[in-house]
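Accompanying notes for the structure given below.
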Amino acid sequence: MPDSVTLDTTVGLPLIESSGGLVYNNDHHILMMFKRRKWDLPKGRVEHGASYEETALREVSEETGLIIDRMKITGKLVPTWHTTTHGGKKYLKKTHWYLIQYNGEDDDTNPQIEEGIIECRWVHLPDLRHYQDTLRPRIQYVIDFWHQNLAYVPRH
């Protein structure tokens with residue numbers, strides 16, 4: 001069993017911040033990506049001088065191939081925390097999540113293969129249940145937060 005993640009095991013770890021997005025389109029489908037045998041949402045590390053919002057839009061575009069000029073942040077979602085290892089060192093990672101409207105339908109994507117993303121897929125809301133067994137718990141948490149609080153709020 002992997003090391004337990006508790007307050008004692010995370011206090012004092014260096015912090016990495018990342019930002020990502022739950023992308024929905026004009027058909028009200030959301031964009032999922034398949035990476036390391038799990039369905040995930042696009043995200044990436046915040047670079048020096050970049051805002052969380054800029055990072056979310058950039059990472060969505062880089063990891064999925066969607067055109068950044070067709071995306072707009074329409075809300076902020078709940079952040080997530082987890083531990084990660086990079087270069088043999090353990091870090092605490094906070095991800096800032098945004099709700100991102102994509103001005104298009106189920107447009108073609110171009111998964112960033114060099115990042116281990118092998119597929120991007122537009123998912124209809126009723127079909128989300130088919131993905132639950134292969135979603136990371138933190139991604140399920142973000143989707144559940146959106147679905148319970150913001151999915152049916154009219155957007156302009």
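Residue numbers start at 1 in each chain; chains themselves are named A, B, ... in the order of the structure tokens; ligands are numbered from 1 in the order shown.
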
Between range 52-72 of chain A and range 27-47 of chain A, at 8 Å or less, what are the per-residue closest atom pairs and their distances in Å? Count only C-alpha atoms, order by chain and rising residue number, and return it as a Markdown table.
```
| residue | atom | partner | partner_atom | distance |
| --- | --- | --- | --- | --- |
| A:Tyr52 | CA | A:Val46 | CA | 6.6 |
| A:Thr55 | CA | A:Val46 | CA | 5.8 |
| A:Ala56 | CA | A:Lys43 | CA | 6.4 |
| A:Glu59 | CA | A:Lys43 | CA | 5.5 |
| A:Val60 | CA | A:Pro42 | CA | 5.2 |
| A:Glu63 | CA | A:Pro42 | CA | 6.2 |
| A:Thr64 | CA | A:Pro42 | CA | 7.4 |
```

Q. Contacts of Gln140 in chain A at 10 Å or less, counting only C-alpha atoms, minus same-chain residues fewer than 4 places along, as an MDAnalysis selection string?
A. chainID A and resid 39:41 128 131:136 144:146

Q. Between A:Val11, A:Leu125, A:Gly49, A:Thr74, which has the minimum distance to Tyr98 in chain A (counting only C-alpha atoms)?
A. A:Thr74

Q) From the list A:Leu66, A:Met71, A:Val142, A:Ile118, which residue is nearest His96 in chain A when using only C-alpha atoms? A)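 Checking each candidate against His96 in chain A, we get A:Val142 as the closest.
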
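From CA of Asp127 in chain A back to CA of Asn103 in chain A, the distance works out to 21.4 Å.
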
Q.
Residues of chain A classed as strand (DSSP E or B) by DSSP on the backbone are to be reported as a ChimeraX atom specification.
A. /A:15-24,29-35,38-40,43-45,71-76,80-86,89-102,117-124,135

Using only C-alpha atoms, determine which residues lie at most 10 Å from Ile16 in chain A, disregarding the query and same-chain residues fewer than 6 positions distant; provide the list as a PDB file with N, CA and C atoms, in the first residue's frame.
```
ATOM      1  N   ARG A  45       1.560  23.282 -14.502  1.00  0.00           N
ATOM      2  CA  ARG A  45       2.257  24.131 -13.534  1.00  0.00           C
ATOM      3  C   ARG A  45       2.160  25.606 -13.902  1.00  0.00           C
ATOM      4  N   VAL A  46       1.957  26.426 -12.888  1.00  0.00           N
ATOM      5  CA  VAL A  46       1.931  27.877 -13.064  1.00  0.00           C
ATOM      6  C   VAL A  46       3.373  28.340 -13.240  1.00  0.00           C
ATOM      7  N   TRP A  81      -5.865  19.356  -3.794  1.00  0.00           N
ATOM      8  CA  TRP A  81      -4.524  19.173  -3.242  1.00  0.00           C
ATOM      9  C   TRP A  81      -4.140  17.706  -3.361  1.00  0.00           C
ATOM     10  N   THR A  83      -0.247  14.986  -3.267  1.00  0.00           N
ATOM     11  CA  THR A  83       1.208  14.929  -3.255  1.00  0.00           C
ATOM     12  C   THR A  83       1.689  14.355  -4.579  1.00  0.00           C
ATOM     13  N   THR A  84       2.877  14.770  -4.967  1.00  0.00           N
ATOM     14  CA  THR A  84       3.480  14.297  -6.205  1.00  0.00           C
ATOM     15  C   THR A  84       4.986  14.204  -5.993  1.00  0.00           C
ATOM     16  N   TYR A  91       6.476  16.631  -3.265  1.00  0.00           N
ATOM     17  CA  TYR A  91       5.895  17.966  -3.227  1.00  0.00           C
ATOM     18  C   TYR A  91       4.411  17.876  -2.872  1.00  0.00           C
ATOM     19  N   LEU A  92       3.897  18.973  -2.346  1.00  0.00           N
ATOM     20  CA  LEU A  92       2.459  19.155  -2.177  1.00  0.00           C
ATOM     21  C   LEU A  92       2.002  20.013  -3.347  1.00  0.00           C
ATOM     22  N   LYS A  93       0.985  19.558  -4.052  1.00  0.00           N
ATOM     23  CA  LYS A  93       0.536  20.258  -5.254  1.00  0.00           C
ATOM     24  C   LYS A  93      -0.890  20.766  -5.068  1.00  0.00           C
ATOM     25  N   LYS A  94      -1.061  22.061  -5.294  1.00  0.00           N
ATOM     26  CA  LYS A  94      -2.386  22.672  -5.271  1.00  0.00           C
ATOM     27  C   LYS A  94      -2.763  23.017  -6.701  1.00  0.00           C
ATOM     28  N   THR A  95      -3.949  22.580  -7.108  1.00  0.00           N
ATOM     29  CA  THR A  95      -4.432  22.896  -8.449  1.00  0.00           C
ATOM     30  C   THR A  95      -5.635  23.816  -8.344  1.00  0.00           C
TER      31      THR A  95
END
```

Q) Per DSSP on the backbone, what are the helix (DSSP H, G or I) residues of range 43-132 of chain A, as a list in words? A)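 Listing helix (DSSP H, G or I) positions across range 43-132 of chain A yields Tyr52, Glu53, Glu54, Thr55, Ala56, Leu57, Arg58, Glu59, Val60, Ser61, Glu62, Glu63, Thr64, Ile68, Asp69, Arg70, Ile113, Glu114, Glu115, Leu125, Pro126, Asp127, Leu128, Arg129, His130, Tyr131 and Gln132 of chain A.
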
Write the residues of the preceding selection, restricted to C-alpha atoms, as a compact mmCIF listing (two decimals), in the first residue's frame.
```
# COMPACT_ATOMS: atom_id res chain seq x y z
CA TYR A 52 -3.77 31.12 -12.59
CA GLU A 53 -6.29 32.03 -15.30
CA GLU A 54 -3.62 32.41 -18.01
CA THR A 55 -2.12 29.09 -16.97
CA ALA A 56 -5.48 27.30 -17.12
CA LEU A 57 -6.18 28.55 -20.67
CA ARG A 58 -2.62 27.82 -21.85
CA GLU A 59 -2.58 24.31 -20.42
CA VAL A 60 -5.99 23.42 -21.85
CA SER A 61 -4.81 24.56 -25.27
CA GLU A 62 -1.44 22.79 -25.05
CA GLU A 63 -2.79 19.49 -23.74
CA THR A 64 -5.90 19.24 -25.93
CA ILE A 68 -7.09 29.40 -27.02
CA ASP A 69 -8.95 32.30 -28.68
CA ARG A 70 -12.15 30.22 -28.58
CA ILE A 113 1.24 12.73 -26.67
CA GLU A 114 4.61 13.83 -25.22
CA GLU A 115 2.78 14.51 -21.92
CA LEU A 125 -23.30 14.72 -19.12
CA PRO A 126 -25.46 11.56 -18.78
CA ASP A 127 -22.45 9.50 -19.93
CA LEU A 128 -20.18 10.72 -17.10
CA ARG A 129 -21.20 7.74 -14.97
CA HIS A 130 -19.32 5.46 -17.41
CA TYR A 131 -16.06 7.23 -16.53
CA GLN A 132 -16.30 7.15 -12.72
```

**Q.** Shortest interatomic distance to Ile139 in chain A - which of A:Leu13, A:Ser51, A:Thr80, A:Gly75, counting only C-alpha atoms
**A.** A:Thr80

Q) Quick one, how far is CA of Ala50 in chain A from CA of Asp107 in chain A? A)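 Here the two named atoms are 27.4 Å from each other.
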
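Nearest to His124 in chain A of all the residues A:Val78, A:Pro14, A:Asp106, A:Gly20 is A:Asp106, counting only C-alpha atoms.
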
Q: State, in Å with one decimal place, the distance from CA of Gln101 in chain A to CA of Gly116 in chain A.
A: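 Computing it gives 24.4 Å between the two atoms.
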
Q: Kindly indicate which residue among A:Ile143, A:Val123, A:His48, A:Pro111 lies nearest to Gly21 in chain A, using only C-alpha atoms for the distances.
A: A:Ile143
